[in-house]
Every structure is written in C-alpha cells, then in structure tokens.
Amino acid sequence: MNVKYPFYLQKERALTKGNKWFNMPVTEVTDEIKNDLEVLQMRSVLDPKHFYKKNDLKVLPKYFQVGKVVDSPADFYNSRIPKKQRKRTMVEELLADAEFKKYNKKRYKEIIEERRKTHYKAHAHAKKLKRKK
C-alpha cells in the first residue's frame, strides 16, 4: 500500500510514527541514550541464566520513548533501591553492580584462557605439519 503524500505531509510523517502510534515523535539520541539502547539489545549477556528472545533489530530504533520508574510508597522497605545506589543511566548501574562485575571478570578470564589454549593447539598442529614435510 504505497500512498503518495504531499510534500508538507511527508515531512510531518517523517517526524512522527503515525496516528496508530499516537504520533510518537522521533527521540533525540544522545550518547547516554545510545548506550542504554545498546545495553538493552545485549540484555541476554547481562543475565546468563535468564532466556531472552532474540533481538530482531540490528540498528537502534528511530521511534522510542524513555520513562522513569516511580517507586510505590507501599513498597518503601521491601523492593526499593536506596538513593545512594540509584544511578542516572542503566550503564552506570551495571558498572556499579558488584555481581555483574564479578561475572564479567570470570567470563573474560574463561575466554582469554580458551583463546590461549586454542592458539597453542593451532601452533603445535602447524609445527607438526611442517615437520612432516
């Protein structure tokens, strides 16, 4: 369904998502927002024990909205984050999270160790093949 719009409507249509999305505007992407969106796209790496559906978007979305979670007064002691632990962005929260740091450090060491072993095996195999000639 290709509909030709007049010039002034084409410009307006490019600035919003459309009537079906309540004219959601194009959000200005800053470095902080870009980093948060990239973290959301890589969320399966954050929690290895939790399954997330594969992300079908390779590029960052053009139309989106950012909100703020407001704590309920009823959950004052149970499930709130103290003000000292609150951060401005998701990336800052992850960098401050001790368990996340611990997991990443452990995983990084595993990857480096695996690469070192495979590199050694490949080198030894190449050396063996060279001797056979």
# chains A, B, ... in the order shown; residues from 1 in each chain; ligands from 1
$ residues_around --residues "range 88-100 of chain A" --least-positions-apart "2" --cutoff "10 Å" --atoms "only C-alpha atoms" --output "list in words"
Glu32, Ile33, Asn35, Asp36, Leu37, Glu38, Val39, Leu40, Leu46, Asp47, Gln85, Arg86, Lys102, Tyr103, Asn104, Lys105 and Lys106 of chain A
$ write_last_selection --atoms "N, CA, C and O atoms" --output "tab-separated table (two decimals), in the first residue's frame"
chain	number	residue	atom	x	y	z
A	32	GLU	N	24.25	8.94	26.13
A	32	GLU	CA	23.71	8.16	27.25
A	32	GLU	C	22.57	7.26	26.78
A	32	GLU	O	22.52	6.08	27.12
A	33	ILE	N	21.67	7.82	25.99
A	33	ILE	CA	20.52	7.04	25.49
A	33	ILE	C	21.01	5.96	24.54
A	33	ILE	O	20.53	4.82	24.58
A	35	ASN	N	23.89	4.40	24.61
A	35	ASN	CA	24.49	3.34	25.42
A	35	ASN	C	23.42	2.49	26.09
A	35	ASN	O	23.54	1.26	26.15
A	36	ASP	N	22.38	3.13	26.60
A	36	ASP	CA	21.29	2.37	27.24
A	36	ASP	C	20.58	1.46	26.23
A	36	ASP	O	20.25	0.31	26.55
A	37	LEU	N	20.35	1.95	25.02
A	37	LEU	CA	19.71	1.12	24.00
A	37	LEU	C	20.59	-0.06	23.60
A	37	LEU	O	20.09	-1.17	23.39
A	38	GLU	N	21.89	0.16	23.54
A	38	GLU	CA	22.80	-0.94	23.21
A	38	GLU	C	22.82	-1.98	24.33
A	38	GLU	O	22.88	-3.18	24.06
A	39	VAL	N	22.74	-1.54	25.58
A	39	VAL	CA	22.66	-2.47	26.70
A	39	VAL	C	21.38	-3.29	26.62
A	39	VAL	O	21.39	-4.50	26.85
A	40	LEU	N	20.28	-2.64	26.26
A	40	LEU	CA	19.02	-3.37	26.11
A	40	LEU	C	19.10	-4.41	24.99
A	40	LEU	O	18.52	-5.49	25.10
A	46	LEU	N	23.72	-9.94	29.94
A	46	LEU	CA	23.69	-9.45	31.31
A	46	LEU	C	23.34	-10.52	32.32
A	46	LEU	O	23.94	-10.63	33.38
A	47	ASP	N	22.32	-11.32	32.01
A	47	ASP	CA	21.88	-12.37	32.92
A	47	ASP	C	21.94	-13.70	32.19
A	47	ASP	O	21.02	-14.04	31.45
A	85	GLN	N	22.34	4.20	45.90
A	85	GLN	CA	22.62	3.20	44.87
A	85	GLN	C	21.98	3.54	43.52
A	85	GLN	O	22.26	2.90	42.52
A	86	ARG	N	21.14	4.56	43.47
A	86	ARG	CA	20.50	4.93	42.21
A	86	ARG	C	21.49	5.65	41.31
A	86	ARG	O	22.29	6.46	41.75
A	102	LYS	N	31.73	-9.18	38.84
A	102	LYS	CA	32.32	-10.48	39.16
A	102	LYS	C	32.09	-11.47	38.01
A	102	LYS	O	33.01	-12.17	37.59
A	103	TYR	N	30.85	-11.53	37.52
A	103	TYR	CA	30.54	-12.44	36.42
A	103	TYR	C	31.34	-12.08	35.17
A	103	TYR	O	31.89	-12.97	34.50
A	104	ASN	N	31.40	-10.79	34.84
A	104	ASN	CA	32.12	-10.37	33.63
A	104	ASN	C	33.61	-10.69	33.74
A	104	ASN	O	34.22	-11.10	32.76
A	105	LYS	N	34.19	-10.47	34.91
A	105	LYS	CA	35.61	-10.76	35.10
A	105	LYS	C	35.87	-12.25	34.93
A	105	LYS	O	36.83	-12.65	34.26
A	106	LYS	N	35.00	-13.09	35.51
A	106	LYS	CA	35.16	-14.54	35.40
A	106	LYS	C	35.02	-14.99	33.95
A	106	LYS	O	35.83	-15.78	33.45
$ select_by_dssp --residues "range 7-118 of chain A" --states "alpha helix (DSSP H)" --output "NGL selection string"
:A and (7-15 or 31-41 or 43-46 or 90-96 or 98-118)
$ residues_around --residues "range 23-28 of chain A" --least-positions-apart "6" --cutoff "12 Å" --atoms "only C-alpha atoms" --output "list of chain:residue names"
A:Glu12, A:Arg13, A:Ala14, A:Leu15, A:Thr16, A:Lys17, A:Lys34, A:Leu60, A:Pro61, A:Lys62, A:Tyr63, A:Phe64, A:Gln65, A:Val66
$ atom_distance --atom1 "CA of Ile111 in chain A" --atom2 "CA of Val45 in chain A"
14.0 Å
$ atom_distance --atom1 "CA of Val70 in chain A" --atom2 "CA of Lys83 in chain A"
12.6 Å
$ atom_distance --atom1 "CA of Asp75 in chain A" --atom2 "CA of Lys87 in chain A"
19.4 Å
$ decode --residues "range 92-113 of chain A" --atoms "N, CA and C atoms" --output "JSON list (two decimals), in the first residue's frame"
[["chain", "number", "residue", "atom", "x", "y", "z"],
["A", 92, "GLU", "N", 25.57, 3.01, 33.98],
["A", 92, "GLU", "CA", 26.17, 3.34, 35.27],
["A", 92, "GLU", "C", 25.75, 2.36, 36.35],
["A", 93, "GLU", "N", 24.49, 1.92, 36.31],
["A", 93, "GLU", "CA", 24.02, 0.92, 37.28],
["A", 93, "GLU", "C", 24.77, -0.38, 37.11],
["A", 94, "LEU", "N", 24.98, -0.80, 35.87],
["A", 94, "LEU", "CA", 25.69, -2.05, 35.63],
["A", 94, "LEU", "C", 27.14, -1.97, 36.07],
["A", 95, "LEU", "N", 27.76, -0.83, 35.82],
["A", 95, "LEU", "CA", 29.15, -0.67, 36.23],
["A", 95, "LEU", "C", 29.29, -0.65, 37.75],
["A", 96, "ALA", "N", 28.25, -0.24, 38.45],
["A", 96, "ALA", "CA", 28.30, -0.19, 39.91],
["A", 96, "ALA", "C", 27.90, -1.52, 40.54],
["A", 97, "ASP", "N", 27.28, -2.43, 39.77],
["A", 97, "ASP", "CA", 26.80, -3.70, 40.29],
["A", 97, "ASP", "C", 27.97, -4.66, 40.49],
["A", 98, "ALA", "N", 28.19, -5.11, 41.74],
["A", 98, "ALA", "CA", 29.32, -5.97, 42.09],
["A", 98, "ALA", "C", 29.18, -7.36, 41.46],
["A", 99, "GLU", "N", 27.99, -7.94, 41.48],
["A", 99, "GLU", "CA", 27.79, -9.27, 40.92],
["A", 99, "GLU", "C", 28.04, -9.27, 39.41],
["A", 100, "PHE", "N", 27.59, -8.23, 38.74],
["A", 100, "PHE", "CA", 27.80, -8.10, 37.31],
["A", 100, "PHE", "C", 29.29, -8.02, 37.00],
["A", 101, "LYS", "N", 30.02, -7.24, 37.80],
["A", 101, "LYS", "CA", 31.47, -7.12, 37.61],
["A", 101, "LYS", "C", 32.15, -8.47, 37.81],
["A", 102, "LYS", "N", 31.73, -9.18, 38.84],
["A", 102, "LYS", "CA", 32.32, -10.48, 39.16],
["A", 102, "LYS", "C", 32.09, -11.47, 38.01],
["A", 103, "TYR", "N", 30.85, -11.53, 37.52],
["A", 103, "TYR", "CA", 30.54, -12.44, 36.42],
["A", 103, "TYR", "C", 31.34, -12.08, 35.17],
["A", 104, "ASN", "N", 31.40, -10.79, 34.84],
["A", 104, "ASN", "CA", 32.12, -10.37, 33.63],
["A", 104, "ASN", "C", 33.61, -10.69, 33.74],
["A", 105, "LYS", "N", 34.19, -10.47, 34.91],
["A", 105, "LYS", "CA", 35.61, -10.76, 35.10],
["A", 105, "LYS", "C", 35.87, -12.25, 34.93],
["A", 106, "LYS", "N", 35.00, -13.09, 35.51],
["A", 106, "LYS", "CA", 35.16, -14.54, 35.40],
["A", 106, "LYS", "C", 35.02, -14.99, 33.95],
["A", 107, "ARG", "N", 34.03, -14.47, 33.27],
["A", 107, "ARG", "CA", 33.79, -14.84, 31.87],
["A", 107, "ARG", "C", 34.93, -14.37, 30.98],
["A", 108, "TYR", "N", 35.47, -13.20, 31.24],
["A", 108, "TYR", "CA", 36.60, -12.67, 30.47],
["A", 108, "TYR", "C", 37.81, -13.58, 30.63],
["A", 109, "LYS", "N", 38.07, -14.01, 31.87],
["A", 109, "LYS", "CA", 39.21, -14.91, 32.11],
["A", 109, "LYS", "C", 39.02, -16.23, 31.38],
["A", 110, "GLU", "N", 37.78, -16.77, 31.37],
["A", 110, "GLU", "CA", 37.50, -18.02, 30.66],
["A", 110, "GLU", "C", 37.77, -17.87, 29.16],
["A", 111, "ILE", "N", 37.34, -16.76, 28.59],
["A", 111, "ILE", "CA", 37.53, -16.54, 27.15],
["A", 111, "ILE", "C", 39.01, -16.42, 26.81],
["A", 112, "ILE", "N", 39.75, -15.67, 27.63],
["A", 112, "ILE", "CA", 41.18, -15.50, 27.38],
["A", 112, "ILE", "C", 41.91, -16.84, 27.50],
["A", 113, "GLU", "N", 41.55, -17.62, 28.51],
["A", 113, "GLU", "CA", 42.17, -18.94, 28.71],
["A", 113, "GLU", "C", 41.86, -19.86, 27.52]]
